[in-house]
There are 2 protein chains.
Amino acid sequence: MSAVPGCELCAAASPAGAWQVVAADERLRVLRVLDAPAFPAFYRVVWRAHVAEFSDLAAADRLHCMEAVAAVEQALRQALAPTKINLASLGNVVPHLHWHVVARFAWDSHFPAPIWAAAQRPSPGDATAQVASRLAAVDAAIRAALAGLTPGRG
Amino acid sequence: MSAVPGCELCAAASPAGAWQVVAADERLRVLRVLDAPAFPAFYRVVWRAHVAEFSDLAAADRLHCMEAVAAVEQALRQALAPTKINLASLGNVVPHLHWHVVARFAWDSHFPAPIWAAAQRPSPGDATAQVASRLAAVDAAIRAALAGLTPGRG
(Lines give C-alpha, C1' and ligand atoms only; values in the text may rest on other atoms or scores of the structure.)
Protein backbone atom coordinates (compact mmCIF):
# COMPACT_ATOMS: atom_id res chain seq x y z
CA MET A 1 0.00 0.00 0.00
CA SER A 2 1.43 3.37 -0.93
CA ALA A 3 1.88 6.30 1.37
CA VAL A 4 -1.10 8.55 1.93
CA PRO A 5 -0.26 12.22 1.36
CA GLY A 6 -0.59 14.24 4.53
CA CYS A 7 -0.44 11.21 6.86
CA GLU A 8 2.36 11.85 9.31
CA LEU A 9 2.81 8.13 9.97
CA CYS A 10 3.16 7.36 6.27
CA ALA A 11 5.93 9.94 6.07
CA ALA A 12 9.37 8.44 6.55
CA ALA A 13 10.66 11.24 8.73
CA SER A 14 9.46 12.51 12.09
CA PRO A 15 8.09 16.00 12.50
CA ALA A 16 10.86 17.91 14.31
CA GLY A 17 11.44 16.38 17.74
CA ALA A 18 8.32 14.19 17.70
CA TRP A 19 9.86 10.71 17.65
CA GLN A 20 12.81 8.61 16.56
CA VAL A 21 12.91 5.18 14.98
CA VAL A 22 14.22 2.53 17.37
CA ALA A 23 13.70 -0.64 15.34
CA ALA A 24 11.97 -1.74 12.17
CA ASP A 25 11.18 -4.73 10.04
CA GLU A 26 9.36 -5.18 6.76
CA ARG A 27 5.93 -4.69 8.25
CA LEU A 28 6.29 -2.26 11.14
CA ARG A 29 8.44 0.33 12.84
CA VAL A 30 8.98 0.92 16.55
CA LEU A 31 9.31 4.59 17.47
CA ARG A 32 10.30 6.24 20.73
CA VAL A 33 8.17 9.29 21.44
CA LEU A 34 10.22 12.40 22.20
CA ASP A 35 7.56 15.05 22.68
CA ALA A 36 5.80 13.75 25.81
CA PRO A 37 8.28 14.73 28.54
CA ALA A 38 6.04 13.53 31.37
CA PHE A 39 6.22 9.99 29.93
CA PRO A 40 9.83 9.30 29.05
CA ALA A 41 9.34 5.60 28.34
CA PHE A 42 6.72 5.99 25.63
CA TYR A 43 7.02 3.92 22.44
CA ARG A 44 4.82 3.37 19.42
CA VAL A 45 4.51 0.33 17.19
CA VAL A 46 3.49 1.73 13.80
CA TRP A 47 2.26 -0.53 11.03
CA ARG A 48 3.97 0.43 7.76
CA ALA A 49 0.94 0.11 5.49
CA HIS A 50 -1.72 2.76 5.86
CA VAL A 51 -4.62 0.92 7.43
CA ALA A 52 -6.94 2.50 9.97
CA GLU A 53 -8.11 -0.36 12.14
CA PHE A 54 -6.48 -3.36 13.80
CA SER A 55 -9.04 -5.66 12.16
CA ASP A 56 -8.04 -4.34 8.74
CA LEU A 57 -4.94 -6.50 9.11
CA ALA A 58 -4.90 -10.14 8.06
CA ALA A 59 -4.70 -12.56 10.99
CA ALA A 60 -0.98 -13.25 10.47
CA ASP A 61 -0.29 -9.52 10.47
CA ARG A 62 -2.34 -8.98 13.62
CA LEU A 63 -0.26 -11.68 15.24
CA HIS A 64 3.01 -10.11 14.18
CA CYS A 65 1.86 -6.66 15.24
CA MET A 66 0.85 -7.79 18.73
CA GLU A 67 3.97 -9.88 19.21
CA ALA A 68 5.93 -6.71 18.49
CA VAL A 69 3.78 -4.82 21.01
CA ALA A 70 4.41 -7.58 23.58
CA ALA A 71 8.15 -7.42 22.86
CA VAL A 72 8.22 -3.68 23.50
CA GLU A 73 6.19 -4.20 26.66
CA GLN A 74 8.61 -6.88 27.87
CA ALA A 75 11.64 -4.71 27.18
CA LEU A 76 10.08 -1.91 29.21
CA ARG A 77 9.14 -4.21 32.08
CA GLN A 78 12.56 -5.80 32.29
CA ALA A 79 14.55 -2.58 32.13
CA LEU A 80 12.32 -0.28 34.14
CA ALA A 81 9.99 -2.35 36.35
CA PRO A 82 7.16 0.14 35.81
CA THR A 83 4.04 0.18 37.95
CA LYS A 84 1.96 -0.67 34.87
CA ILE A 85 2.16 -0.85 31.10
CA ASN A 86 -0.51 0.99 29.13
CA LEU A 87 -1.36 -0.16 25.59
CA ALA A 88 -3.66 1.69 23.23
CA SER A 89 -4.59 1.92 19.58
CA LEU A 90 -6.79 4.98 19.14
CA GLY A 91 -6.05 6.81 15.89
CA ASN A 92 -8.89 9.30 16.10
CA VAL A 93 -6.58 12.09 14.91
CA VAL A 94 -4.14 10.06 12.80
CA PRO A 95 -6.09 7.05 11.47
CA HIS A 96 -3.01 5.01 10.57
CA LEU A 97 -2.64 1.94 12.77
CA HIS A 98 -0.26 2.57 15.65
CA TRP A 99 -0.01 1.16 19.15
CA HIS A 100 1.03 3.28 22.08
CA VAL A 101 3.14 1.33 24.58
CA VAL A 102 3.76 3.44 27.68
CA ALA A 103 5.54 2.57 30.91
CA ARG A 104 3.58 4.12 33.76
CA PHE A 105 4.90 4.82 37.23
CA ALA A 106 3.04 5.56 40.45
CA TRP A 107 5.00 8.82 40.60
CA ASP A 108 4.19 10.03 37.11
CA SER A 109 2.12 13.17 36.61
CA HIS A 110 -1.08 11.37 35.67
CA PHE A 111 -1.04 8.01 37.46
CA PRO A 112 -3.41 6.20 37.87
CA ALA A 113 -5.33 8.21 35.29
CA PRO A 114 -4.71 7.58 31.58
CA ILE A 115 -2.05 9.77 29.98
CA TRP A 116 -4.82 11.59 28.08
CA ALA A 117 -6.64 12.70 31.24
CA ALA A 118 -5.78 15.73 33.34
CA ALA A 119 -2.48 15.73 35.23
CA GLN A 120 -2.77 15.00 38.93
CA ARG A 121 0.62 16.37 40.03
CA PRO A 122 3.81 17.87 38.58
CA SER A 123 6.30 15.55 36.90
CA PRO A 124 9.16 14.71 39.26
CA GLY A 125 12.36 15.66 37.49
CA ASP A 126 14.68 13.22 39.23
CA ALA A 127 12.60 10.12 38.65
CA THR A 128 11.92 11.13 35.06
CA ALA A 129 15.62 11.67 34.39
CA GLN A 130 16.46 8.31 35.94
CA VAL A 131 14.08 6.57 33.52
CA ALA A 132 15.43 8.59 30.61
CA SER A 133 18.98 7.48 31.45
CA ARG A 134 17.98 3.86 30.80
CA LEU A 135 16.25 4.30 27.46
CA ALA A 136 19.27 3.44 25.34
CA ALA A 137 19.22 0.00 26.96
CA VAL A 138 15.48 -0.28 26.36
CA ASP A 139 15.97 0.64 22.71
CA ALA A 140 18.67 -2.03 22.32
CA ALA A 141 16.45 -4.65 23.93
CA ILE A 142 13.60 -3.75 21.58
CA ARG A 143 15.87 -4.04 18.54
CA ALA A 144 17.04 -7.47 19.67
CA ALA A 145 13.52 -8.68 20.40
CA LEU A 146 12.08 -7.46 17.11
CA ALA A 147 14.90 -9.14 15.22
CA GLY A 148 13.97 -12.38 16.98
CA LEU A 149 10.36 -12.37 15.81
CA THR A 150 10.13 -14.65 12.80
CA PRO A 151 8.72 -12.64 9.89
CA GLY A 152 5.42 -14.03 8.75
CA ARG A 153 4.95 -16.13 11.84
CA GLY A 154 5.00 -13.46 14.54
CA MET B 1 -5.26 -19.08 38.75
CA SER B 2 -7.67 -18.39 41.57
CA ALA B 3 -9.68 -15.23 42.06
CA VAL B 4 -7.97 -12.37 43.85
CA PRO B 5 -10.07 -11.00 46.72
CA GLY B 6 -11.14 -7.43 46.11
CA CYS B 7 -10.51 -7.56 42.34
CA GLU B 8 -13.73 -6.52 40.67
CA LEU B 9 -12.79 -8.35 37.46
CA CYS B 10 -12.14 -11.59 39.32
CA ALA B 11 -15.62 -11.33 40.82
CA ALA B 12 -18.22 -13.21 38.79
CA ALA B 13 -20.88 -10.53 39.11
CA SER B 14 -20.90 -6.93 37.99
CA PRO B 15 -21.11 -4.09 40.48
CA ALA B 16 -24.69 -2.80 40.13
CA GLY B 17 -25.22 -1.44 36.63
CA ALA B 18 -21.55 -1.49 35.64
CA TRP B 19 -21.56 -4.12 32.91
CA GLN B 20 -23.20 -7.26 31.59
CA VAL B 21 -21.66 -10.41 30.16
CA VAL B 22 -22.22 -10.71 26.41
CA ALA B 23 -20.16 -13.78 25.58
CA ALA B 24 -17.59 -16.01 27.23
CA ASP B 25 -15.33 -18.95 26.66
CA GLU B 26 -12.91 -20.87 28.85
CA ARG B 27 -10.29 -18.16 28.82
CA LEU B 28 -12.07 -14.82 28.57
CA ARG B 29 -15.34 -12.96 28.91
CA VAL B 30 -16.73 -10.17 26.75
CA LEU B 31 -18.63 -7.53 28.71
CA ARG B 32 -20.76 -4.64 27.54
CA VAL B 33 -20.17 -1.53 29.63
CA LEU B 34 -23.38 -0.02 31.00
CA ASP B 35 -22.12 2.90 33.06
CA ALA B 36 -20.57 5.09 30.34
CA PRO B 37 -23.68 6.64 28.75
CA ALA B 38 -21.71 8.87 26.38
CA PHE B 39 -20.20 5.73 24.79
CA PRO B 40 -23.05 3.30 24.24
CA ALA B 41 -21.00 0.86 22.15
CA PHE B 42 -18.31 0.17 24.73
CA TYR B 43 -17.20 -3.43 25.32
CA ARG B 44 -14.45 -5.06 27.34
CA VAL B 45 -12.58 -8.28 26.70
CA VAL B 46 -11.59 -9.51 30.16
CA TRP B 47 -9.09 -12.32 30.63
CA ARG B 48 -10.44 -14.79 33.18
CA ALA B 49 -7.16 -15.43 35.02
CA HIS B 50 -5.87 -12.60 37.16
CA VAL B 51 -2.80 -11.38 35.30
CA ALA B 52 -1.80 -7.73 35.16
CA GLU B 53 -0.01 -7.36 31.86
CA PHE B 54 -0.59 -8.53 28.29
CA SER B 55 2.91 -10.02 28.19
CA ASP B 56 2.11 -12.12 31.27
CA LEU B 57 0.09 -14.31 28.91
CA ALA B 58 1.66 -17.16 26.97
CA ALA B 59 1.91 -16.53 23.24
CA ALA B 60 -1.08 -18.76 22.43
CA ASP B 61 -3.16 -16.89 24.98
CA ARG B 62 -2.09 -13.51 23.64
CA LEU B 63 -3.21 -14.69 20.21
CA HIS B 64 -6.59 -15.84 21.48
CA CYS B 65 -7.08 -12.65 23.46
CA MET B 66 -6.37 -10.41 20.49
CA GLU B 67 -8.45 -12.47 18.09
CA ALA B 68 -11.34 -11.94 20.51
CA VAL B 69 -10.58 -8.21 20.56
CA ALA B 70 -10.52 -8.19 16.75
CA ALA B 71 -13.83 -10.07 16.67
CA VAL B 72 -15.49 -7.49 18.92
CA GLU B 73 -14.01 -4.73 16.78
CA GLN B 74 -15.35 -6.34 13.61
CA ALA B 75 -18.82 -6.78 15.09
CA LEU B 76 -18.89 -3.09 16.03
CA ARG B 77 -17.65 -2.00 12.62
CA GLN B 78 -20.13 -4.10 10.71
CA ALA B 79 -23.16 -3.15 12.78
CA LEU B 80 -22.42 0.50 13.50
CA ALA B 81 -19.90 1.81 10.93
CA PRO B 82 -18.23 3.96 13.60
CA THR B 83 -15.82 6.76 12.75
CA LYS B 84 -13.06 4.86 14.59
CA ILE B 85 -12.50 1.97 16.94
CA ASN B 86 -10.45 2.65 20.07
CA LEU B 87 -8.60 -0.22 21.77
CA ALA B 88 -6.82 0.05 25.09
CA SER B 89 -5.43 -2.09 27.88
CA LEU B 90 -4.57 0.22 30.77
CA GLY B 91 -5.37 -1.37 34.13
CA ASN B 92 -3.83 1.32 36.30
CA VAL B 93 -6.78 1.16 38.68
CA VAL B 94 -7.81 -2.48 38.20
CA PRO B 95 -4.63 -4.38 37.27
CA HIS B 96 -6.44 -7.41 35.84
CA LEU B 97 -5.95 -7.74 32.09
CA HIS B 98 -8.88 -6.23 30.20
CA TRP B 99 -9.16 -4.63 26.79
CA HIS B 100 -11.46 -1.70 26.17
CA VAL B 101 -13.06 -1.85 22.71
CA VAL B 102 -15.00 1.32 22.03
CA ALA B 103 -16.85 2.46 18.91
CA ARG B 104 -16.22 6.16 18.48
CA PHE B 105 -18.28 8.56 16.41
CA ALA B 106 -17.49 12.02 15.12
CA TRP B 107 -20.57 13.24 17.00
CA ASP B 108 -19.68 11.74 20.37
CA SER B 109 -18.97 14.00 23.33
CA HIS B 110 -15.20 13.54 23.24
CA PHE B 111 -14.25 12.88 19.62
CA PRO B 112 -11.47 13.06 18.46
CA ALA B 113 -10.06 13.10 21.99
CA PRO B 114 -9.70 9.84 23.92
CA ILE B 115 -12.66 8.90 26.09
CA TRP B 116 -10.55 9.66 29.17
CA ALA B 117 -9.91 13.28 28.17
CA ALA B 118 -12.24 16.20 28.78
CA ALA B 119 -15.56 16.26 26.92
CA GLN B 120 -15.68 18.61 23.96
CA ARG B 121 -19.47 18.86 23.59
CA PRO B 122 -22.69 17.44 25.07
CA SER B 123 -23.71 13.91 24.09
CA PRO B 124 -26.39 14.01 21.38
CA GLY B 125 -29.33 12.01 22.71
CA ASP B 126 -30.78 10.95 19.36
CA ALA B 127 -27.59 9.57 17.89
CA THR B 128 -26.71 7.84 21.15
CA ALA B 129 -30.14 6.22 21.33
CA GLN B 130 -29.85 5.07 17.72
CA VAL B 131 -26.60 3.28 18.52
CA ALA B 132 -28.10 1.81 21.69
CA SER B 133 -30.99 0.37 19.68
CA ARG B 134 -28.55 -1.77 17.70
CA LEU B 135 -26.56 -3.25 20.56
CA ALA B 136 -28.58 -6.45 20.82
CA ALA B 137 -27.48 -7.23 17.26
CA VAL B 138 -23.86 -6.37 18.14
CA ASP B 139 -24.03 -8.66 21.17
CA ALA B 140 -25.35 -11.50 19.01
CA ALA B 141 -22.59 -10.99 16.45
CA ILE B 142 -19.96 -11.05 19.19
CA ARG B 143 -21.35 -14.28 20.61
CA ALA B 144 -21.26 -15.91 17.18
CA ALA B 145 -17.74 -14.69 16.45
CA LEU B 146 -16.34 -15.79 19.78
CA ALA B 147 -17.87 -19.23 19.35
CA GLY B 148 -16.07 -19.44 16.01
CA LEU B 149 -12.61 -18.85 17.45
CA THR B 150 -10.95 -22.22 17.87
CA PRO B 151 -9.92 -22.62 21.51
CA GLY B 152 -6.20 -22.92 21.84
CA ARG B 153 -5.51 -21.67 18.37
CA GLY B 154 -7.17 -18.25 18.45
# chains A, B, ... in the order shown; residues from 1 in each chain; ligands from 1
>>> interface_residues(of="chain A", to="chain B", cutoff="7 Å", atoms="only C-alpha atoms", output="ChimeraX atom specification")
/A:53-55,63,70,73-74,84-90,92-93,112,114,116-117
>>> closest_atom_pairs(of="region 74-151 of chain A", to="region 18-32 of chain A", cutoff="8 Å", atoms="only C-alpha atoms", output="Markdown table")
| residue | atom | partner | partner_atom | distance |
| --- | --- | --- | --- | --- |
| A:Asp139 | CA | A:Val22 | CA | 5.9 |
| A:Ile142 | CA | A:Ala23 | CA | 7.0 |
| A:Arg143 | CA | A:Ala23 | CA | 5.1 |
| A:Leu146 | CA | A:Ala23 | CA | 7.2 |
| A:Ala147 | CA | A:Asp25 | CA | 7.8 |
>>> write_last_selection(atoms="N, CA, C and O atoms", output="mmCIF file, in the first residue's frame")
data_model
loop_
_atom_site.group_PDB
_atom_site.id
_atom_site.type_symbol
_atom_site.label_atom_id
_atom_site.label_comp_id
_atom_site.auth_asym_id
_atom_site.auth_seq_id
_atom_site.Cartn_x
_atom_site.Cartn_y
_atom_site.Cartn_z
ATOM 1 N N ASP A 139 15.952 0.644 24.175
ATOM 2 C CA ASP A 139 15.972 0.638 22.706
ATOM 3 C C ASP A 139 16.716 -0.590 22.177
ATOM 4 O O ASP A 139 16.259 -1.252 21.241
ATOM 5 N N ILE A 142 14.688 -3.689 22.568
ATOM 6 C CA ILE A 142 13.599 -3.751 21.582
ATOM 7 C C ILE A 142 14.140 -4.192 20.225
ATOM 8 O O ILE A 142 13.543 -5.031 19.546
ATOM 9 N N ARG A 143 15.275 -3.632 19.835
ATOM 10 C CA ARG A 143 15.867 -4.038 18.542
ATOM 11 C C ARG A 143 16.149 -5.537 18.521
ATOM 12 O O ARG A 143 15.855 -6.227 17.545
ATOM 13 N N LEU A 146 12.773 -7.528 18.406
ATOM 14 C CA LEU A 146 12.084 -7.464 17.112
ATOM 15 C C LEU A 146 12.809 -8.320 16.077
ATOM 16 O O LEU A 146 12.170 -9.009 15.266
ATOM 17 N N ALA A 147 14.121 -8.305 16.143
ATOM 18 C CA ALA A 147 14.902 -9.136 15.216
ATOM 19 C C ALA A 147 14.616 -10.621 15.437
ATOM 20 O O ALA A 147 14.745 -11.437 14.517
#
>>> atom_distance(atom1="CA of Arg44 (chain B)", atom2="CA of His98 (chain B)")
6.4 Å
>>> residues_around(residues="Ala12 (chain A)", least_positions_apart="2", cutoff="10 Å", atoms="only C-alpha atoms", output="number ranges by chain")
A: 3, 8-10, 14-15, 21, 48
>>> write_last_selection(atoms="N, CA, C and O atoms", output="PDB file, in the first residue's frame")
ATOM      1  N   ALA A   3       2.036   5.285   0.336  1.00  0.00           N
ATOM      2  CA  ALA A   3       1.881   6.304   1.372  1.00  0.00           C
ATOM      3  C   ALA A   3       0.714   7.224   1.053  1.00  0.00           C
ATOM      4  O   ALA A   3       0.449   7.538  -0.108  1.00  0.00           O
ATOM      5  N   GLU A   8       1.026  11.702   8.710  1.00  0.00           N
ATOM      6  CA  GLU A   8       2.358  11.854   9.309  1.00  0.00           C
ATOM      7  C   GLU A   8       2.996  10.513   9.652  1.00  0.00           C
ATOM      8  O   GLU A   8       4.204  10.442   9.848  1.00  0.00           O
ATOM      9  N   LEU A   9       2.206   9.443   9.708  1.00  0.00           N
ATOM     10  CA  LEU A   9       2.807   8.134   9.966  1.00  0.00           C
ATOM     11  C   LEU A   9       3.148   7.387   8.684  1.00  0.00           C
ATOM     12  O   LEU A   9       3.853   6.377   8.723  1.00  0.00           O
ATOM     13  N   CYS A  10       2.659   7.862   7.552  1.00  0.00           N
ATOM     14  CA  CYS A  10       3.156   7.358   6.269  1.00  0.00           C
ATOM     15  C   CYS A  10       4.498   8.019   5.925  1.00  0.00           C
ATOM     16  O   CYS A  10       5.328   7.413   5.246  1.00  0.00           O
ATOM     17  N   SER A  14      10.231  11.955  10.987  1.00  0.00           N
ATOM     18  CA  SER A  14       9.459  12.514  12.087  1.00  0.00           C
ATOM     19  C   SER A  14       9.309  14.012  11.921  1.00  0.00           C
ATOM     20  O   SER A  14      10.241  14.682  11.487  1.00  0.00           O
ATOM     21  N   PRO A  15       8.140  14.559  12.271  1.00  0.00           N
ATOM     22  CA  PRO A  15       8.093  16.004  12.504  1.00  0.00           C
ATOM     23  C   PRO A  15       9.162  16.350  13.555  1.00  0.00           C
ATOM     24  O   PRO A  15       9.486  15.514  14.404  1.00  0.00           O
ATOM     25  N   VAL A  21      13.089   6.597  15.275  1.00  0.00           N
ATOM     26  CA  VAL A  21      12.914   5.177  14.975  1.00  0.00           C
ATOM     27  C   VAL A  21      13.911   4.372  15.811  1.00  0.00           C
ATOM     28  O   VAL A  21      15.101   4.665  15.836  1.00  0.00           O
ATOM     29  N   ARG A  48       3.475  -0.349   8.913  1.00  0.00           N
ATOM     30  CA  ARG A  48       3.970   0.426   7.763  1.00  0.00           C
ATOM     31  C   ARG A  48       2.860   0.795   6.784  1.00  0.00           C
ATOM     32  O   ARG A  48       2.788   1.924   6.318  1.00  0.00           O
TER      33      ARG A  48
END
>>> residues_around(residues="Ala132 (chain A)", least_positions_apart="3", cutoff="12 Å", atoms="only C-alpha atoms", output="list in words")
Arg32, Val33, Leu34, Ala36, Pro37, Ala38, Phe39, Pro40, Ala41, Phe42, Leu76, Ala79, Leu80, Ala103, Gly125, Asp126, Ala127, Thr128, Ala129, Leu135, Ala136, Ala137, Val138 and Asp139 of chain A
>>> atom_distance(atom1="CA of Leu97 (chain A)", atom2="CA of Ser133 (chain A)")
29.1 Å
>>> atom_distance(atom1="CA of Asp61 (chain B)", atom2="CA of Ala49 (chain B)")
10.9 Å
>>> closest_residue(among="A:Ala58, A:Trp107, A:Gly17, A:Cys65", to="Ser123 (chain A)", atoms="only C-alpha atoms")
A:Trp107
>>> select_by_dssp(residues="region 60-135 of chain B", states="strand (DSSP E or B)", output="number ranges by chain")
B: 84-89, 98-104
